[in-house]
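Novice: Sharing upload15.txt below, compact mmCIF, C-alpha atoms and all ligand atoms:
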```txt
# COMPACT_ATOMS: atom_id res chain seq x y z
CA VAL A 64 128.30 64.99 122.72
CA GLN A 65 127.08 65.49 119.16
CA THR A 66 129.13 64.08 116.29
CA PRO A 67 129.81 66.74 113.64
CA PRO A 68 128.30 65.71 110.26
CA GLY A 69 131.70 65.50 108.57
CA THR A 70 132.77 62.63 110.79
CA LEU A 71 129.61 60.53 110.66
CA ARG A 72 130.32 57.17 109.04
CA ILE A 73 127.46 56.75 106.61
CA ASP A 74 126.28 54.07 104.19
CA ALA A 75 124.28 56.25 101.79
CA HIS A 76 122.52 53.52 99.79
CA VAL A 77 120.40 50.98 101.70
CA HIS A 78 117.01 49.81 100.44
CA LEU A 79 113.89 49.17 102.41
CA VAL A 80 111.87 46.35 100.92
CA GLY A 81 108.51 45.35 102.28
CA THR A 82 105.43 43.28 101.72
CA GLY A 83 102.99 45.76 103.22
CA SER A 84 102.61 43.83 106.46
CA HIS A 85 101.25 45.93 109.32
CA GLY A 86 100.07 48.63 106.94
CA SER A 87 103.54 49.87 105.89
CA GLY A 88 102.17 50.60 102.40
CA CYS A 89 105.05 48.77 100.69
CA TRP A 90 104.44 46.35 97.82
CA TYR A 91 106.52 44.11 95.58
CA PRO A 92 105.95 41.95 92.47
CA ARG A 93 104.03 38.84 93.50
CA GLN A 94 103.82 37.43 89.97
CA GLY A 95 105.92 37.33 86.83
CA ARG A 96 109.64 36.94 86.40
CA TYR A 97 110.57 39.33 89.25
CA ARG A 98 108.48 37.52 91.89
CA TRP A 99 111.58 35.77 93.26
CA MET A 100 113.47 38.99 93.75
CA VAL A 101 112.27 40.05 97.20
CA PRO A 102 112.51 36.51 98.66
CA LEU A 103 116.06 36.26 97.27
CA LEU A 104 117.03 39.67 98.63
CA ALA A 105 115.54 38.73 102.01
CA TRP A 106 117.65 35.57 102.00
CA SER A 107 120.78 37.53 101.14
CA PHE A 108 119.91 39.97 103.94
CA GLY A 109 120.04 37.06 106.38
CA MET A 110 116.28 36.38 106.70
CA ARG A 111 116.50 32.65 106.07
CA ARG A 112 113.44 31.13 107.65
CA ARG A 113 111.38 28.84 105.44
CA ARG A 114 108.80 31.37 104.30
CA PRO A 115 110.64 34.66 104.87
CA LEU A 116 107.89 36.92 103.58
CA ARG A 117 105.19 35.53 105.86
CA GLY A 118 104.03 37.41 108.93
CA ASP A 119 105.38 40.77 109.99
CA PHE A 120 108.17 40.84 107.38
CA ASP A 121 108.44 44.63 107.23
CA ALA A 122 108.98 45.03 110.98
CA ARG A 123 111.49 42.17 111.04
CA TYR A 124 113.42 43.71 108.15
CA VAL A 125 113.77 47.06 109.93
CA HIS A 126 114.63 45.37 113.20
CA ARG A 127 117.39 43.39 111.50
CA LEU A 128 118.72 46.45 109.69
CA LEU A 129 118.91 48.42 112.94
CA ARG A 130 120.80 45.55 114.55
CA TYR A 131 123.26 45.48 111.64
CA VAL A 132 123.91 49.23 111.97
CA ARG A 133 124.33 49.09 115.75
CA GLU A 134 126.68 46.11 115.56
CA SER A 135 128.77 47.66 112.77
CA SER A 136 131.36 50.43 112.55
CA PHE A 137 128.75 52.76 110.97
CA ASP A 138 126.89 55.63 112.59
CA ALA A 139 123.98 55.77 110.14
CA VAL A 140 122.56 54.51 106.86
CA VAL A 141 120.35 56.27 104.32
CA LEU A 142 117.18 54.20 103.97
CA LEU A 143 115.64 54.55 100.52
CA ALA A 144 112.01 54.90 99.54
CA MET A 145 110.93 53.83 96.05
CA ASP A 146 108.31 55.56 93.94
CA ALA A 147 106.34 53.49 91.42
CA PRO A 148 106.82 53.60 87.63
CA ARG A 149 104.59 56.26 86.07
CA ASP A 150 103.82 57.62 82.65
CA GLU A 151 104.63 61.19 81.60
CA ARG A 152 101.39 62.44 83.12
CA GLY A 153 102.17 60.78 86.42
CA ALA A 154 99.67 57.92 86.17
CA LEU A 155 100.81 54.62 87.70
CA LEU A 156 102.04 52.00 85.21
CA HIS A 157 100.33 49.01 86.76
CA ASP A 158 101.83 46.44 84.42
CA ALA A 159 105.46 47.22 85.25
CA ASP A 160 107.21 44.88 87.68
CA SER A 161 108.48 47.10 90.44
CA PHE A 162 108.44 47.47 94.15
CA TYR A 163 107.11 50.38 96.09
CA VAL A 164 108.15 51.98 99.37
CA PRO A 165 106.25 55.10 100.47
CA ASN A 166 108.19 58.19 101.49
CA ALA A 167 106.20 58.45 104.72
CA THR A 168 107.55 55.05 105.80
CA VAL A 169 111.22 56.01 105.54
CA LEU A 170 110.56 59.51 106.94
CA ASP A 171 108.79 57.97 109.96
CA LEU A 172 111.61 55.46 110.50
CA ALA A 173 114.27 58.18 110.25
CA GLN A 174 112.34 60.20 112.79
CA GLU A 175 112.23 57.27 115.19
CA HIS A 176 115.80 55.99 114.86
CA ARG A 177 118.92 58.10 114.77
CA GLU A 178 120.75 55.33 112.86
CA LEU A 179 118.46 55.93 109.89
CA LEU A 180 118.43 58.87 107.46
CA SER A 181 115.66 59.22 104.90
CA GLY A 182 116.12 58.92 101.15
CA VAL A 183 112.79 59.81 99.57
CA SER A 184 111.73 58.96 96.01
CA ILE A 185 109.44 61.26 93.99
CA HIS A 186 108.67 60.78 90.30
CA PRO A 187 108.64 64.41 89.10
CA ALA A 188 105.52 63.77 86.98
CA ARG A 189 103.46 62.37 89.82
CA PRO A 190 100.47 64.36 91.01
CA GLU A 191 101.49 66.89 93.66
CA ALA A 192 105.19 66.16 93.20
CA GLU A 193 106.01 69.67 94.48
CA GLU A 194 103.91 69.19 97.61
CA GLU A 195 105.45 65.79 98.25
CA LEU A 196 108.91 67.32 97.91
CA ALA A 197 108.00 70.15 100.30
CA ARG A 198 106.70 67.60 102.82
CA ALA A 199 109.87 65.51 102.49
CA LEU A 200 112.09 68.57 102.98
CA ASP A 201 110.04 69.64 105.96
CA ARG A 202 110.51 66.23 107.53
CA GLY A 203 114.28 66.17 107.02
CA ALA A 204 114.85 64.16 103.84
CA ALA A 205 118.60 63.59 103.35
CA LEU A 206 118.47 62.80 99.62
CA LEU A 207 116.14 61.99 96.73
CA LYS A 208 116.53 58.59 95.02
CA LEU A 209 115.46 57.82 91.46
CA ILE A 210 115.84 54.89 89.07
CA PRO A 211 114.92 56.53 85.73
CA SER A 212 115.19 53.32 83.68
CA CYS A 213 112.70 51.47 85.91
CA GLN A 214 110.51 54.33 87.15
CA ASN A 215 110.23 55.67 83.59
CA ILE A 216 111.63 59.17 84.21
CA ASP A 217 113.01 61.20 81.32
CA LEU A 218 115.36 63.46 83.29
CA SER A 219 115.90 65.69 80.25
CA LEU A 220 112.27 66.92 80.01
CA PRO A 221 112.26 70.74 80.26
CA ARG A 222 109.12 70.73 82.41
CA TYR A 223 111.00 68.89 85.18
CA ARG A 224 113.55 71.68 85.45
CA PRO A 225 111.76 73.57 88.26
CA PHE A 226 111.70 70.33 90.26
CA TRP A 227 115.47 69.86 89.95
CA GLU A 228 116.00 73.56 90.73
CA ARG A 229 113.91 73.16 93.85
CA CYS A 230 116.08 70.23 94.97
CA ALA A 231 119.24 72.23 94.21
CA ALA A 232 117.99 75.25 96.19
CA ALA A 233 117.11 73.05 99.16
CA GLY A 234 120.52 71.36 99.13
CA LEU A 235 118.86 68.00 98.55
CA PRO A 236 121.23 65.76 96.54
CA LEU A 237 119.84 63.37 93.95
CA LEU A 238 120.97 59.75 94.11
CA ILE A 239 120.29 58.48 90.60
CA HIS A 240 120.73 54.94 89.38
CA THR A 241 123.13 54.44 86.47
CA GLY A 242 123.93 51.24 84.58
CA ARG A 243 121.67 48.23 84.14
CA GLU A 244 119.23 47.13 86.85
CA PRO A 245 118.81 43.36 87.15
CA ALA A 246 116.46 43.39 90.16
CA LEU A 247 113.55 45.19 88.49
CA GLN A 248 111.93 45.53 85.12
CA GLU A 249 113.69 48.20 83.06
CA LEU A 250 111.13 50.11 81.02
CA ARG A 251 113.86 52.21 79.37
CA PRO A 252 117.24 50.44 79.69
CA ASP A 253 118.85 53.32 77.74
CA TRP A 254 118.07 55.66 80.64
CA GLY A 255 120.77 53.92 82.65
CA HIS A 256 123.34 55.88 80.64
CA PRO A 257 125.11 58.60 82.68
CA SER A 258 124.36 61.25 80.03
CA ILE A 259 120.78 61.39 81.42
CA LEU A 260 122.23 63.11 84.51
CA ARG A 261 122.84 66.29 82.52
CA GLY A 262 119.22 67.40 83.04
CA PRO A 263 119.41 67.84 86.83
CA LEU A 264 123.14 68.72 86.77
CA ASP A 265 122.49 71.62 84.39
CA CYS A 266 119.91 72.89 86.91
CA GLY A 267 122.60 73.09 89.58
CA ALA A 268 121.61 69.97 91.51
CA THR A 269 124.16 67.80 93.27
CA VAL A 270 123.96 64.36 91.70
CA ILE A 271 125.35 61.09 93.00
CA ALA A 272 125.52 58.51 90.20
CA ALA A 273 124.70 55.23 91.92
CA HIS A 274 127.07 52.41 90.89
CA CYS A 275 129.47 54.92 89.21
CA GLY A 276 127.76 54.36 85.87
CA GLY A 277 127.68 50.56 86.15
CA ILE A 278 128.47 49.17 82.69
CA TYR A 279 128.90 52.78 81.52
CA GLN A 280 131.79 53.53 83.88
CA ARG A 281 133.91 55.19 81.21
CA GLU A 282 131.08 57.58 80.33
CA PHE A 283 130.56 58.32 84.04
CA LEU A 284 134.25 59.20 84.44
CA GLU A 285 134.06 61.56 81.46
CA LEU A 286 131.01 63.32 82.90
CA LEU A 287 132.77 63.61 86.27
CA ARG A 288 135.40 65.84 84.68
CA GLU A 289 132.72 68.07 83.23
CA TYR A 290 130.51 68.60 86.30
CA PRO A 291 132.01 69.45 89.70
CA ARG A 292 128.64 68.72 91.41
CA LEU A 293 128.67 65.13 90.19
CA PHE A 294 129.71 62.30 92.51
CA GLY A 295 129.52 58.51 92.42
CA ASP A 296 128.67 55.80 94.93
CA THR A 297 130.06 52.31 95.44
CA ALA A 298 126.70 50.53 95.62
CA ALA A 299 126.67 46.86 94.63
CA PHE A 300 130.45 46.71 94.07
CA ASN A 301 130.52 43.38 95.91
CA VAL A 302 127.91 41.48 93.92
CA PRO A 303 129.35 38.11 92.89
CA PHE A 304 129.55 38.78 89.13
CA GLY A 305 130.86 42.35 89.02
CA THR A 306 133.35 43.17 86.26
CA LYS A 307 134.29 46.68 87.32
CA SER A 308 137.65 48.31 86.79
CA PHE A 309 138.48 49.33 90.34
CA SER A 310 141.89 50.73 89.43
CA SER A 311 140.43 53.73 87.57
CA LEU A 312 137.97 54.42 90.42
CA LEU A 313 140.83 54.36 92.93
CA GLU A 314 142.79 57.12 91.20
CA PRO A 315 143.10 60.03 93.66
CA GLU A 316 141.09 62.59 91.66
CA ILE A 317 138.28 60.05 91.16
CA VAL A 318 138.10 58.38 94.57
CA GLY A 319 137.83 61.84 96.14
CA ARG A 320 134.48 62.19 94.37
CA LEU A 321 133.01 58.91 95.62
CA ILE A 322 130.83 58.14 98.61
CA HIS A 323 130.11 54.81 100.21
CA GLY A 324 126.91 52.86 99.60
CA SER A 325 126.32 49.13 99.99
CA ASP A 326 123.01 48.67 98.12
CA LEU A 327 121.81 46.26 100.80
CA PRO A 328 119.94 43.93 100.59
CA ALA A 329 121.84 43.24 97.35
CA PRO A 330 124.24 40.31 97.85
CA VAL A 331 127.67 41.04 99.30
CA ALA A 332 130.26 38.41 98.38
CA ALA A 333 134.03 38.17 98.26
CA TRP A 334 134.41 35.42 95.71
CA GLY A 335 133.94 37.63 92.64
CA HIS A 336 137.00 39.62 93.74
CA VAL A 337 138.98 36.44 94.43
CA TRP A 338 138.00 35.08 91.01
CA GLN A 339 139.13 38.33 89.33
CA ARG A 340 142.35 38.25 91.41
CA ARG A 341 141.60 41.52 93.15
CA MET A 342 142.21 39.91 96.53
CA SER A 343 143.84 36.77 97.84
CA VAL A 344 141.85 33.63 98.63
CA ARG A 345 142.86 34.06 102.25
CA THR A 346 141.54 37.66 102.48
CA GLY A 347 138.39 36.77 100.56
CA TRP A 348 137.74 33.82 102.85
CA LYS A 349 138.27 35.87 105.99
CA LEU A 350 136.16 38.87 104.95
CA GLY A 351 133.49 36.81 103.21
CA ARG A 352 132.70 35.19 106.55
CA ILE A 353 131.79 38.45 108.31
CA ALA A 354 128.17 37.76 109.25
CA ASN A 355 126.94 41.36 109.23
CA PRO A 356 126.46 42.27 105.52
CA LEU A 357 126.77 46.03 106.19
CA GLU A 358 130.20 45.51 107.76
CA ARG A 359 131.22 42.76 105.28
CA ASP A 360 130.54 45.12 102.36
CA TRP A 361 132.66 47.86 103.93
CA GLN A 362 135.57 45.62 104.89
CA LEU A 363 135.68 44.23 101.33
CA LYS A 364 135.89 47.78 99.97
CA ARG A 365 138.69 48.62 102.39
CA ALA A 366 140.54 45.51 101.19
CA LEU A 367 140.07 46.67 97.58
CA GLY A 368 141.82 49.92 98.53
CA PHE A 369 138.97 52.37 99.12
CA PRO A 370 139.88 54.85 101.88
CA GLU A 371 138.10 55.56 105.17
CA ALA A 372 137.11 59.02 103.82
CA LEU A 373 134.70 57.28 101.44
CA ARG A 374 132.15 56.82 104.21
CA THR A 375 132.51 60.19 105.95
CA ARG A 376 132.26 62.22 102.73
CA ALA A 377 128.47 61.70 102.54
CA GLY A 378 128.12 63.94 105.60
CA ALA A 379 129.14 66.90 103.47
CA LEU A 380 126.84 66.02 100.54
CA LEU A 381 123.65 64.89 102.22
CA ARG A 382 121.04 67.26 103.56
CA LEU A 383 121.60 66.53 107.23
CA GLN A 384 119.52 68.14 109.91
CA PRO A 385 121.15 68.80 113.25
CA PRO A 386 120.38 65.25 114.38
CA SER A 387 119.95 65.37 118.12
CA ARG A 388 118.00 68.63 118.18
CA GLU A 389 115.57 67.51 115.49
CA LYS A 390 114.91 64.19 117.14
CA THR A 391 114.57 65.65 120.61
CA MET A 392 111.90 68.00 119.30
CA CYS A 393 110.04 65.07 117.76
CA THR A 394 110.14 63.19 121.03
CA LEU A 395 108.78 66.20 122.86
CA ASN A 396 106.00 66.64 120.31
CA ALA A 397 105.17 62.96 120.46
CA GLY A 398 103.78 63.26 123.94
CA VAL A 399 101.43 66.10 123.06
CA HIS A 400 100.04 66.06 119.55
CA ALA A 401 102.56 64.30 117.34
CA PRO A 402 100.75 63.44 114.10
CA ALA A 403 99.08 66.80 113.66
CA SER A 404 102.20 68.78 114.45
CA ARG A 405 104.38 66.84 112.02
CA SER A 406 102.13 66.77 108.98
CA ARG A 407 100.90 69.63 106.90
ZN ZN C 501 120.16 50.41 94.87
```
Before anything else, please render the file you have as structure tokens.
Ligand SMILES: [Zn+2]
Specialist:
Amino acid sequence: VQTPPGTLRIDAHVHLVGTGSHGSGCWYPRQGRYRWMVPLLAWSFGMRRRRPLRGDFDARYVHRLLRYVRESSFDAVVLLAMDAPRDERGALLHDADSFYVPNATVLDLAQEHRELLSGVSIHPARPEAEEELARALDRGAALLKLIPSCQNIDLSLPRYRPFWERCAAAGLPLLIHTGREPALQELRPDWGHPSILRGPLDCGATVIAAHCGGIYQREFLELLREYPRLFGDTAAFNVPFGTKSFSSLLEPEIVGRLIHGSDLPAPVAAWGHVWQRRMSVRTGWKLGRIANPLERDWQLKRALGFPEALRTRAGALLRLQPPSREKTMCTLNAGVHAPASRSR
């Protein structure tokens, strides 16, 4: 029996990080001040062997993520690709500290595993951005993820308008980072302000402001009143040093516009909430000990007062293919001439 999309329990914000082992094409900063980031994230994701990045890290990461989903109360997670920082002409900015996850990697994984949906990432200035978008749509992309402050994307540029219009026409929502970003180098910290979302919103695109504006929560809430196609996600709400005002996000007219996202492998801890007296020591202790970070993140949000509907709402926003049919077709193709039939 197929689950209707509106009842799928989805975490719409999970990152893939990789070292490029086994030809995945992923890379991460190996030098400079962000070189500790991926090892730290791996540790927080539960990969705690002595040299976590050695060997087949990328395969182990996916394997662990799949186990977390299967052992949780979720049906699926959106796995995010990550385009590289680029200049206005689309050339790679080699000096920026970033990590990179190719779209093909998340599209392949989503094709193989029904627990995974694909969140692609396309800098609109990159060469053949339109073709990459067409390919992603063809292969069932569920959303498009961007971090303008780190990827160096000026969302207000008029020449990007056709790109946003294309996303809007295809029903592909944009998950766009708002607030500060501590895990990567911010080339334009000011582009974490929610006002940048006006560009794609004015083109009719559905936009999900990741982190509900972060430090700019008030500005996010103002924009929410102005644009009915704007939503927010709850990514990284359980990081240890969060100072969010949850009470305003829990107001009925606001919480109805939010979807659930964990931001894994970002750390998921209870003690920040206990410290800020949002939950009792007893509750924090109990929930903080849940081993599975996907489930721990969700249970903490439930304890903060977020409703069950938070994680089924994504089903109505994301571009979801009829899951079983799509994947059955892929399986059938796989036996005959899979690569040729799936790529253009
Ligand atoms: Zn994120």
Novice: Within 7 Å of ligand ZN 501 (chain C), which residues show up when you count only C-alpha atoms and all ligand atoms? List them as a VMD selection string, please.
Specialist: chain A and resid 76 to 78 298 326
Novice: For range 341-358 of chain A, please output as a PyMOL selection string all residues within 6 Å (counting all atoms listed in the file; exclusion window: fewer than 5 positions along the same chain).
Specialist: chain A and resi 135+333+336
Novice: Would you work out the distance separating CA of Thr70 in chain A from CA of Glu134 in chain A, expressed in Å to one decimal?
Specialist: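 Separation of CA of Thr70 in chain A and CA of Glu134 in chain A: 18.2 Å.
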Novice: Tell me, in Å to one decimal, how far CA of Asp296 in chain A is from CA of Phe162 in chain A.
Specialist: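 Atom-to-atom, CA of Asp296 in chain A to CA of Phe162 in chain A, that is 21.9 Å.
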Novice: Between CA of Ala231 in chain A and CA of Ala154 in chain A, measure the distance and give it in Å to one decimal.
Specialist: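 Separating CA of Ala231 in chain A from CA of Ala154 in chain A is a distance of 25.5 Å.
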